[in-house]
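What follows is data_18.json (JSON, C-alpha atoms).
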```
[["chain", "number", "residue", "atom", "x", "y", "z"],
["A", 3, "MET", "CA", 24.65, -7.38, -0.80],
["A", 4, "THR", "CA", 22.49, -10.08, -2.36],
["A", 5, "PRO", "CA", 20.46, -8.46, -5.16],
["A", 6, "ARG", "CA", 16.68, -8.47, -5.04],
["A", 7, "HIS", "CA", 15.04, -10.21, -8.01],
["A", 8, "TYR", "CA", 11.50, -10.22, -9.43],
["A", 9, "LEU", "CA", 10.98, -13.67, -10.94],
["A", 10, "GLN", "CA", 7.46, -14.53, -9.73],
["A", 11, "PHE", "CA", 4.58, -12.34, -8.59],
["A", 12, "ARG", "CA", 4.84, -13.49, -4.99],
["A", 13, "ASP", "CA", 8.50, -12.45, -4.76],
["A", 14, "PHE", "CA", 7.15, -9.19, -3.31],
["A", 15, "SER", "CA", 4.94, -8.84, -0.24],
["A", 16, "ARG", "CA", 1.53, -7.17, -0.28],
["A", 17, "GLU", "CA", 3.06, -4.15, 1.48],
["A", 18, "GLU", "CA", 5.83, -3.86, -1.10],
["A", 19, "LEU", "CA", 3.36, -4.14, -3.97],
["A", 20, "ASP", "CA", 1.12, -1.46, -2.44],
["A", 21, "THR", "CA", 4.19, 0.80, -2.27],
["A", 22, "LEU", "CA", 5.04, -0.08, -5.87],
["A", 23, "PHE", "CA", 1.55, 0.95, -6.99],
["A", 24, "GLU", "CA", 1.81, 4.23, -5.08],
["A", 25, "ARG", "CA", 5.05, 4.94, -6.92],
["A", 26, "THR", "CA", 3.44, 3.92, -10.22],
["A", 27, "ARG", "CA", 0.70, 6.50, -9.69],
["A", 28, "TRP", "CA", 3.26, 9.21, -8.87],
["A", 29, "ILE", "CA", 5.56, 8.33, -11.79],
["A", 30, "LYS", "CA", 2.67, 8.14, -14.26],
["A", 31, "ASP", "CA", 1.41, 11.55, -13.11],
["A", 32, "LYS", "CA", 4.88, 13.03, -13.73],
["A", 33, "PHE", "CA", 4.91, 11.45, -17.20],
["A", 34, "LYS", "CA", 1.47, 12.85, -18.08],
["A", 35, "ARG", "CA", 2.57, 16.34, -17.01],
["A", 36, "TYR", "CA", 5.77, 16.10, -19.07],
["A", 37, "GLU", "CA", 7.90, 16.52, -15.96],
["A", 38, "ALA", "CA", 11.33, 14.90, -16.15],
["A", 39, "TYR", "CA", 12.27, 12.37, -13.50],
["A", 40, "HIS", "CA", 15.73, 10.82, -13.90],
["A", 41, "PRO", "CA", 16.60, 8.80, -10.78],
["A", 42, "LEU", "CA", 18.41, 6.15, -12.84],
["A", 43, "HIS", "CA", 20.89, 8.47, -14.54],
["A", 44, "ASP", "CA", 23.96, 6.51, -15.63],
["A", 45, "ARG", "CA", 22.30, 3.15, -14.89],
["A", 46, "THR", "CA", 22.07, 0.43, -17.56],
["A", 47, "LEU", "CA", 19.37, -2.15, -18.19],
["A", 48, "VAL", "CA", 20.24, -5.20, -20.28],
["A", 49, "MET", "CA", 17.24, -6.84, -21.97],
["A", 50, "ILE", "CA", 17.72, -10.45, -23.06],
["A", 51, "PHE", "CA", 15.11, -11.83, -25.45],
["A", 52, "GLU", "CA", 14.77, -15.48, -26.36],
["A", 53, "LYS", "CA", 11.06, -14.92, -27.11],
["A", 54, "ALA", "CA", 10.02, -12.10, -29.43],
["A", 55, "SER", "CA", 8.07, -9.15, -28.04],
["A", 56, "THR", "CA", 6.61, -5.75, -28.83],
["A", 57, "ARG", "CA", 5.15, -4.48, -25.54],
["A", 58, "THR", "CA", 7.84, -5.92, -23.27],
["A", 59, "ARG", "CA", 10.73, -4.44, -25.22],
["A", 60, "LEU", "CA", 9.05, -1.10, -25.82],
["A", 61, "SER", "CA", 7.87, -0.63, -22.23],
["A", 62, "PHE", "CA", 11.21, -1.55, -20.65],
["A", 63, "GLU", "CA", 13.37, 0.33, -23.15],
["A", 64, "ALA", "CA", 11.24, 3.48, -23.12],
["A", 65, "GLY", "CA", 10.79, 3.26, -19.36],
["A", 66, "MET", "CA", 14.51, 3.02, -18.64],
["A", 67, "GLN", "CA", 15.23, 5.98, -20.92],
["A", 68, "GLN", "CA", 12.45, 8.04, -19.30],
["A", 69, "LEU", "CA", 14.08, 7.38, -15.92],
["A", 70, "GLY", "CA", 17.35, 8.76, -17.26],
["A", 71, "GLY", "CA", 19.13, 5.45, -17.85],
["A", 72, "SER", "CA", 19.96, 3.42, -20.92],
["A", 73, "ALA", "CA", 18.75, 0.05, -22.22],
["A", 74, "ILE", "CA", 20.67, -2.51, -24.27],
["A", 75, "TYR", "CA", 18.80, -5.12, -26.33],
["A", 76, "LEU", "CA", 20.29, -8.61, -26.67],
["A", 77, "ASN", "CA", 18.68, -11.38, -28.71],
["A", 78, "THR", "CA", 19.97, -14.85, -27.92],
["A", 79, "ARG", "CA", 20.42, -15.46, -31.67],
["A", 80, "ASP", "CA", 22.95, -12.62, -31.75],
["A", 81, "SER", "CA", 24.83, -13.44, -28.56],
["A", 82, "GLN", "CA", 26.94, -16.24, -27.11],
["A", 83, "LEU", "CA", 23.87, -17.43, -25.17],
["A", 84, "GLY", "CA", 22.51, -18.63, -28.49],
["A", 85, "ARG", "CA", 25.76, -20.44, -29.23],
["A", 86, "GLY", "CA", 25.82, -22.59, -26.15],
["A", 87, "GLU", "CA", 27.41, -20.36, -23.50],
["A", 88, "PRO", "CA", 26.25, -21.60, -20.08],
["A", 89, "VAL", "CA", 23.55, -19.42, -18.52],
["A", 90, "GLU", "CA", 25.63, -19.21, -15.34],
["A", 91, "ASP", "CA", 28.65, -17.82, -17.22],
["A", 92, "ALA", "CA", 26.54, -15.29, -19.10],
["A", 93, "ALA", "CA", 25.05, -14.09, -15.81],
["A", 94, "GLN", "CA", 28.48, -13.54, -14.29],
["A", 95, "VAL", "CA", 29.63, -11.42, -17.25],
["A", 96, "ILE", "CA", 26.44, -9.49, -18.05],
["A", 97, "SER", "CA", 25.81, -8.57, -14.41],
["A", 98, "ARG", "CA", 29.33, -7.10, -14.12],
["A", 99, "MET", "CA", 28.58, -4.72, -17.01],
["A", 100, "SER", "CA", 25.07, -3.57, -16.12],
["A", 101, "ASP", "CA", 22.86, -2.54, -13.22],
["A", 102, "VAL", "CA", 19.72, -4.61, -13.86],
["A", 103, "VAL", "CA", 18.75, -7.41, -16.27],
["A", 104, "MET", "CA", 15.37, -8.27, -17.78],
["A", 105, "ILE", "CA", 14.98, -11.70, -19.39],
["A", 106, "ARG", "CA", 12.16, -12.98, -21.61],
["A", 107, "THR", "CA", 12.69, -16.68, -22.17],
["A", 108, "PHE", "CA", 11.10, -20.13, -22.16],
["A", 109, "GLU", "CA", 11.61, -22.26, -19.03],
["A", 110, "GLN", "CA", 11.46, -20.58, -15.61],
["A", 111, "GLU", "CA", 14.53, -22.64, -14.69],
["A", 112, "ILE", "CA", 16.63, -20.58, -17.10],
["A", 113, "ILE", "CA", 15.87, -17.29, -15.41],
["A", 114, "GLU", "CA", 16.26, -18.85, -11.94],
["A", 115, "ARG", "CA", 19.74, -20.11, -12.88],
["A", 116, "PHE", "CA", 20.70, -16.73, -14.31],
["A", 117, "ALA", "CA", 19.49, -14.89, -11.20],
["A", 118, "SER", "CA", 21.37, -17.23, -8.87],
["A", 119, "HIS", "CA", 24.66, -16.16, -10.52],
["A", 120, "SER", "CA", 23.84, -12.48, -11.11],
["A", 121, "ARG", "CA", 25.36, -9.62, -9.12],
["A", 122, "VAL", "CA", 22.43, -7.32, -10.05],
["A", 123, "PRO", "CA", 18.61, -7.56, -9.93],
["A", 124, "VAL", "CA", 16.95, -9.80, -12.52],
["A", 125, "ILE", "CA", 13.39, -9.25, -13.77],
["A", 126, "ASN", "CA", 11.17, -11.86, -15.37],
["A", 127, "GLY", "CA", 9.89, -10.36, -18.64],
["A", 128, "LEU", "CA", 7.98, -13.61, -19.36],
["A", 129, "THR", "CA", 8.60, -17.34, -19.08],
["A", 130, "ASN", "CA", 6.46, -20.34, -19.97],
["A", 131, "GLU", "CA", 5.33, -20.47, -16.35],
["A", 132, "TYR", "CA", 4.84, -16.84, -15.29],
["A", 133, "HIS", "CA", 4.35, -13.27, -16.54],
["A", 134, "PRO", "CA", 4.60, -11.17, -13.34],
["A", 135, "CYS", "CA", 5.13, -7.76, -14.98],
["A", 136, "GLN", "CA", 1.91, -8.17, -16.96],
["A", 137, "ILE", "CA", -0.14, -8.88, -13.85],
["A", 138, "LEU", "CA", 1.45, -5.93, -12.07],
["A", 139, "ALA", "CA", 0.06, -3.76, -14.87],
["A", 140, "ASP", "CA", -3.30, -5.53, -14.86],
["A", 141, "ILE", "CA", -3.88, -5.13, -11.13],
["A", 142, "TYR", "CA", -2.73, -1.53, -11.18],
["A", 143, "THR", "CA", -5.14, -0.87, -14.06],
["A", 144, "PHE", "CA", -8.04, -2.41, -12.13],
["A", 145, "ILE", "CA", -7.23, -0.31, -9.04],
["A", 146, "GLU", "CA", -6.97, 2.79, -11.23],
["A", 147, "GLN", "CA", -10.33, 2.06, -12.87],
["A", 148, "ARG", "CA", -12.38, 0.46, -10.08],
["A", 149, "GLY", "CA", -10.54, 0.75, -6.76],
["A", 150, "PRO", "CA", -9.14, -2.00, -4.50],
["A", 151, "ILE", "CA", -9.09, -5.51, -5.92],
["A", 152, "GLN", "CA", -9.29, -7.27, -2.55],
["A", 153, "GLY", "CA", -12.43, -9.40, -2.34],
["A", 154, "LYS", "CA", -13.21, -9.02, -6.06],
["A", 155, "THR", "CA", -13.66, -11.81, -8.62],
["A", 156, "VAL", "CA", -11.49, -12.20, -11.71],
["A", 157, "ALA", "CA", -12.76, -14.55, -14.43],
["A", 158, "TRP", "CA", -10.10, -16.20, -16.57],
["A", 159, "VAL", "CA", -11.46, -17.79, -19.75],
["A", 160, "GLY", "CA", -9.18, -19.86, -22.00],
["A", 161, "ASP", "CA", -5.80, -21.51, -21.68],
["A", 162, "SER", "CA", -4.24, -22.02, -18.24],
["A", 163, "ASN", "CA", -1.00, -20.42, -19.37],
["A", 164, "ASN", "CA", 1.68, -18.26, -17.75],
["A", 165, "VAL", "CA", -0.64, -15.26, -17.41],
["A", 166, "CYS", "CA", -3.32, -17.40, -15.76],
["A", 167, "ASN", "CA", -0.74, -18.88, -13.39],
["A", 168, "THR", "CA", 0.36, -15.41, -12.35],
["A", 169, "TRP", "CA", -3.23, -14.27, -11.72],
["A", 170, "LEU", "CA", -3.56, -17.24, -9.36],
["A", 171, "GLN", "CA", -0.44, -16.20, -7.44],
["A", 172, "ALA", "CA", -1.64, -12.59, -7.31],
["A", 173, "ALA", "CA", -4.99, -13.69, -5.86],
["A", 174, "GLU", "CA", -3.23, -15.22, -2.87],
["A", 175, "VAL", "CA", -1.19, -12.06, -2.29],
["A", 176, "PHE", "CA", -4.05, -9.54, -2.72],
["A", 177, "ASP", "CA", -6.88, -11.70, -1.35],
["A", 178, "PHE", "CA", -9.23, -11.82, -4.35],
["A", 179, "ASN", "CA", -10.84, -14.73, -6.20],
["A", 180, "VAL", "CA", -10.08, -16.21, -9.61],
["A", 181, "HIS", "CA", -12.68, -18.21, -11.54],
["A", 182, "VAL", "CA", -10.96, -20.27, -14.24],
["A", 183, "SER", "CA", -12.67, -21.97, -17.16],
["A", 184, "THR", "CA", -10.61, -23.98, -19.64],
["A", 185, "PRO", "CA", -11.46, -26.71, -22.15],
["A", 186, "PRO", "CA", -10.93, -30.31, -20.96],
["A", 187, "GLY", "CA", -7.24, -31.15, -21.04],
["A", 188, "TYR", "CA", -6.09, -27.57, -20.53],
["A", 189, "GLU", "CA", -6.86, -27.22, -16.82],
["A", 190, "VAL", "CA", -4.70, -25.43, -14.27],
["A", 191, "GLU", "CA", -1.74, -27.46, -12.99],
["A", 192, "PRO", "CA", -1.35, -26.30, -9.34],
["A", 193, "GLU", "CA", 2.30, -27.32, -9.10],
["A", 194, "ARG", "CA", 3.20, -25.54, -12.34],
["A", 195, "ALA", "CA", 1.27, -22.47, -11.21],
["A", 196, "GLY", "CA", 3.09, -22.52, -7.88],
["A", 197, "LEU", "CA", -0.12, -22.69, -5.86],
["A", 198, "TYR", "CA", -0.04, -23.62, -2.20],
["A", 199, "GLY", "CA", -3.80, -23.64, -1.66],
["A", 200, "THR", "CA", -7.15, -23.26, -3.42],
["A", 201, "ASP", "CA", -8.82, -20.69, -1.16],
["A", 202, "HIS", "CA", -8.77, -18.05, -3.92],
["A", 203, "PHE", "CA", -9.27, -20.27, -6.95],
["A", 204, "GLU", "CA", -12.23, -22.16, -8.44],
["A", 205, "GLU", "CA", -12.56, -24.03, -11.74],
["A", 206, "PHE", "CA", -15.66, -24.02, -13.94],
["A", 207, "ALA", "CA", -16.49, -26.34, -16.84],
["A", 208, "ASP", "CA", -18.78, -23.71, -18.39],
["A", 209, "PRO", "CA", -17.13, -20.32, -19.12],
["A", 210, "MET", "CA", -20.48, -18.57, -18.62],
["A", 211, "ASP", "CA", -20.49, -19.81, -15.03],
["A", 212, "ALA", "CA", -16.95, -18.51, -14.54],
["A", 213, "THR", "CA", -17.85, -15.01, -15.72],
["A", 214, "ARG", "CA", -21.15, -14.77, -13.85],
["A", 215, "GLY", "CA", -20.88, -11.93, -11.33],
["A", 216, "ALA", "CA", -17.20, -11.24, -12.12],
["A", 217, "ASP", "CA", -15.63, -7.81, -11.59],
["A", 218, "LEU", "CA", -12.96, -8.41, -14.24],
["A", 219, "VAL", "CA", -12.99, -10.75, -17.25],
["A", 220, "THR", "CA", -9.71, -11.57, -18.93],
["A", 221, "THR", "CA", -8.23, -13.97, -21.46],
["A", 222, "ASP", "CA", -5.21, -14.55, -23.70],
["A", 223, "VAL", "CA", -4.47, -16.12, -27.07],
["A", 224, "TRP", "CA", -5.36, -19.78, -27.39],
["A", 225, "THR", "CA", -1.89, -20.69, -28.66],
["A", 226, "SER", "CA", 1.03, -19.20, -26.73],
["A", 227, "MET", "CA", 4.56, -18.92, -28.11],
["A", 228, "GLY", "CA", 6.23, -22.32, -28.22],
["A", 229, "PHE", "CA", 2.95, -24.18, -28.83],
["A", 230, "GLU", "CA", 2.42, -23.22, -32.48],
["A", 231, "ALA", "CA", 2.37, -26.87, -33.59],
["A", 232, "GLU", "CA", -0.83, -27.32, -31.54],
["A", 233, "ASN", "CA", -2.64, -24.36, -33.09],
["A", 234, "GLU", "CA", -5.18, -26.31, -35.18],
["A", 235, "ALA", "CA", -6.11, -28.63, -32.30],
["A", 236, "ARG", "CA", -6.35, -25.72, -29.88],
["A", 237, "CYS", "CA", -8.66, -23.71, -32.16],
["A", 238, "LYS", "CA", -11.07, -26.64, -32.19],
["A", 239, "ALA", "CA", -10.84, -27.28, -28.45],
["A", 240, "PHE", "CA", -11.28, -23.61, -27.48],
["A", 241, "ALA", "CA", -14.10, -22.75, -29.89],
["A", 242, "ASP", "CA", -16.65, -22.31, -27.05],
["A", 243, "TRP", "CA", -14.26, -20.27, -24.90],
["A", 244, "GLN", "CA", -14.40, -16.99, -26.80],
["A", 245, "VAL", "CA", -15.14, -13.99, -24.57],
["A", 246, "ASP", "CA", -18.10, -12.40, -26.36],
["A", 247, "GLY", "CA", -20.90, -10.02, -25.53],
["A", 248, "GLU", "CA", -23.00, -12.70, -23.85],
["A", 249, "MET", "CA", -20.17, -13.60, -21.48],
["A", 250, "MET", "CA", -19.63, -9.96, -20.57],
["A", 251, "LYS", "CA", -23.37, -9.61, -19.85],
["A", 252, "ALA", "CA", -23.03, -12.44, -17.33],
["A", 253, "ALA", "CA", -20.38, -10.41, -15.47],
["A", 254, "LYS", "CA", -21.25, -7.40, -13.34],
["A", 255, "ALA", "CA", -22.47, -4.35, -15.24],
["A", 256, "GLU", "CA", -19.36, -2.41, -14.16],
["A", 257, "ALA", "CA", -16.96, -5.27, -14.98],
["A", 258, "VAL", "CA", -13.90, -4.51, -17.10],
["A", 259, "PHE", "CA", -12.31, -6.63, -19.83],
["A", 260, "MET", "CA", -8.55, -7.14, -20.08],
["A", 261, "HIS", "CA", -6.20, -8.85, -22.51],
["A", 262, "CYS", "CA", -2.39, -8.80, -22.35],
["A", 263, "LEU", "CA", -2.21, -8.49, -26.16],
["A", 264, "PRO", "CA", -1.64, -9.20, -28.98],
["A", 265, "ALA", "CA", -5.25, -10.28, -29.45],
["A", 266, "HIS", "CA", -6.83, -12.42, -32.16],
["A", 267, "ARG", "CA", -10.27, -10.92, -32.72],
["A", 268, "GLY", "CA", -12.77, -13.62, -33.57],
["A", 269, "GLU", "CA", -10.82, -16.26, -31.62],
["A", 270, "GLU", "CA", -10.32, -15.75, -27.86],
["A", 271, "VAL", "CA", -12.26, -12.47, -27.87],
["A", 272, "SER", "CA", -14.90, -10.93, -30.10],
["A", 273, "ALA", "CA", -14.29, -7.58, -31.77],
["A", 274, "GLU", "CA", -17.30, -6.08, -29.96],
["A", 275, "VAL", "CA", -15.79, -6.87, -26.55],
["A", 276, "ILE", "CA", -12.19, -5.77, -27.09],
["A", 277, "GLY", "CA", -13.41, -2.61, -28.79],
["A", 278, "GLY", "CA", -16.34, -2.09, -26.45],
["A", 279, "PRO", "CA", -16.95, 0.25, -23.50],
["A", 280, "GLN", "CA", -15.90, -2.31, -20.85],
["A", 281, "SER", "CA", -12.51, -2.90, -22.47],
["A", 282, "VAL", "CA", -9.51, -1.27, -20.76],
["A", 283, "VAL", "CA", -6.85, -3.02, -22.84],
["A", 284, "TRP", "CA", -5.16, 0.18, -24.02],
["A", 285, "ASP", "CA", -4.82, 1.56, -20.49],
["A", 286, "GLU", "CA", -3.62, -1.88, -19.44],
["A", 287, "ALA", "CA", -0.96, -1.87, -22.18],
["A", 288, "GLU", "CA", 0.25, 1.64, -21.30],
["A", 289, "ASN", "CA", 0.48, 0.77, -17.63],
["A", 290, "ARG", "CA", 3.17, -1.82, -18.40],
["A", 291, "LEU", "CA", 5.39, 1.23, -18.95],
["A", 292, "HIS", "CA", 4.57, 2.88, -15.65],
["A", 293, "VAL", "CA", 4.58, -0.12, -13.29],
["A", 294, "GLN", "CA", 7.88, -1.28, -14.75],
["A", 295, "LYS", "CA", 9.41, 2.13, -14.15],
["A", 296, "ALA", "CA", 8.32, 1.83, -10.52],
["A", 297, "LEU", "CA", 9.74, -1.70, -10.45],
["A", 298, "LEU", "CA", 13.12, -0.57, -11.83],
["A", 299, "GLU", "CA", 13.24, 2.28, -9.31],
["A", 300, "PHE", "CA", 12.45, -0.10, -6.44],
["A", 301, "LEU", "CA", 15.05, -2.69, -7.42],
["A", 302, "LEU", "CA", 17.83, -0.17, -8.03],
["A", 303, "ILE", "CA", 17.15, 2.49, -5.39],
["A", 304, "GLY", "CA", 14.77, 0.95, -2.88],
["A", 305, "ARG", "CA", 11.70, 2.57, -1.38],
["A", 306, "VAL", "CA", 11.15, 6.18, -2.39],
["A", 307, "LYS", "CA", 8.49, 8.34, -0.75],
["A", 308, "SER", "CA", 5.89, 9.69, -3.17]]
```
Starting from the file, lay out its structure as structure tokens.
Amino acid sequence: MTPRHYLQFRDFSREELDTLFERTRWIKDKFKRYEAYHPLHDRTLVMIFEKASTRTRLSFEAGMQQLGGSAIYLNTRDSQLGRGEPVEDAAQVISRMSDVVMIRTFEQEIIERFASHSRVPVINGLTNEYHPCQILADIYTFIEQRGPIQGKTVAWVGDSNNVCNTWLQAAEVFDFNVHVSTPPGYEVEPERAGLYGTDHFEEFADPMDATRGADLVTTDVWTSMGFEAENEARCKAFADWQVDGEMMKAAKAEAVFMHCLPAHRGEEVSAEVIGGPQSVVWDEAENRLHVQKALLEFLLIGRVKS
């Protein structure tokens, strides 16, 4: 059978994602009650990292172990992938020795090529274009905190990066709106974001206008991995795009603040916001663990009734 992959947010239907969130709730409840659940006994996850990570490695490795399986960490510097082995060849070999593969790399093309030659499911742990596992956790966190996200407004303030792109895809799947505000020159590129329409997306020159009336305000670092050489220029360009207390006041009173972390307090977000009562960043970070366990279960076993 052709394996099912998770390379972009819209690889799953709304119905499948609703099921995934139901399983996340069930799996998280088991975890909180210290009840063992080992459906992936004797299964192996291979994690391939070309970009460094804390949350992605920890959440996948811990999650696989909590489901009864094992996880193997591979850094491209320490493998033949880093010595010029073709991605297609690596996929053929690695997928014959494991049950599922997670890749955190640069270009989306790399993970697409790997998946096209893999005998097992492949998960996008992050690419320059998309970060689907993060938005799974973010949407689940919103639902957990505030209920259904359909019809709500998400305000994205800052760089139109991979996380922003994935929010835009998610809006089309879940039928909510995204207000994006970026400095001039850093606007959303619809083709790069994989957008087919603009029904759920609006751009704002002023970040205060983007956050006005929002149900969720979110941002990310101004300089993503791979763009370090632009850091000084970006800090100047993004100076007025810090999510601070005034921006949060423009949002709804019950709005929540999210950040995929790590955060630079005093740059993209003020300390008062990330440490304030509207911030749900720690729940958001923990939920990477739980939604990814549900994702692993779905890809390896299929639908399971809660």
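The spacing separating CA of Ala253 (chain A) from CA of Ala235 (chain A) amounts to 28.6 Å.
Residues with any atom within 12 Å of the point (-7.4, 4.8, -8.9), counting all atoms listed in the file, are Phe23, Glu24, Thr26, Arg27, Trp28, Lys30, Asp31, Ile141, Tyr142, Thr143, Phe144, Ile145, Glu146, Gln147, Arg148, Gly149, Pro150 and Ile151 of chain A.
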Quiz prompt | CA of Gln152 (chain A) to CA of Leu263 (chain A), straight-line distance in Å | solution = 24.7 Å
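Put simply, CA of His43 (chain A) is 19.1 Å away from CA of Ile96 (chain A).
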Quiz item: Using only C-alpha atoms, what residues lie at most 12 Å away from (-15.6, -7.6, -30.6) (file coordinates), given as a VMD selection string?
Solution: chain A and resid 244 to 250 259 265 to 281
Practice problem: Quick one: everything within 9 Å of Gln294 (chain A), counting only C-alpha atoms, minus sequence neighbours fewer than 6 positions away in the same chain. Send it as a ChimeraX atom specification. | Solution: /A:26,61-62,65-66,135,138-139
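Comparing A:Gln171, A:Ser226, A:Thr221, A:Ser120 by their smallest distance to Arg12 (chain A), the closest is A:Gln171 (using all atoms listed in the file).
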Could you name the residues that touch Leu47 (chain A) at 9 Å or less, counting all atoms listed in the file, but leaving out those on the same chain fewer than 6 positions away, as a PDB file with C-alpha atoms, in the frame of the given file?
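result.pdb, freshly written:
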```
ATOM      1  CA  PHE A  62      11.210  -1.550 -20.650  1.00  0.00           C
ATOM      2  CA  GLU A  63      13.370   0.330 -23.150  1.00  0.00           C
ATOM      3  CA  MET A  66      14.510   3.020 -18.640  1.00  0.00           C
ATOM      4  CA  GLY A  71      19.130   5.450 -17.850  1.00  0.00           C
ATOM      5  CA  SER A  72      19.960   3.420 -20.920  1.00  0.00           C
ATOM      6  CA  ALA A  73      18.750   0.050 -22.220  1.00  0.00           C
ATOM      7  CA  ILE A  74      20.670  -2.510 -24.270  1.00  0.00           C
ATOM      8  CA  TYR A  75      18.800  -5.120 -26.330  1.00  0.00           C
ATOM      9  CA  SER A 100      25.070  -3.570 -16.120  1.00  0.00           C
ATOM     10  CA  ASP A 101      22.860  -2.540 -13.220  1.00  0.00           C
ATOM     11  CA  VAL A 102      19.720  -4.610 -13.860  1.00  0.00           C
ATOM     12  CA  VAL A 103      18.750  -7.410 -16.270  1.00  0.00           C
ATOM     13  CA  MET A 104      15.370  -8.270 -17.780  1.00  0.00           C
TER      14      MET A 104
END
```
Self-check item: Residues near Asp211 (chain A), cut-off 10 Å, all atoms listed in the file, skip fewer than 3 positions along chain, as JSON, numbers by chain
Solution: {"A": [157, 181, 182, 183, 205, 206, 207, 208, 214, 215, 216, 249, 252, 253]}
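Comparing the minimum interatomic distances between Arg194 (chain A) and each of A:Val180, A:Cys262, A:Cys166, A:Ile303, counting only C-alpha atoms, we find that A:Cys166 sits nearest.
Closest approach to Ile113 (chain A) among A:Thr129, A:Asn233, A:Gln67, A:Thr168 is made by A:Thr129 (distances from all atoms listed in the file).
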Practice problem: For each of A:Asn179, A:Gln68, A:Thr107, A:Ser55, take the minimum atom-to-atom distance to Tyr36 (chain A), counting only C-alpha atoms, then give the residue where this is smallest. | Solution: A:Gln68
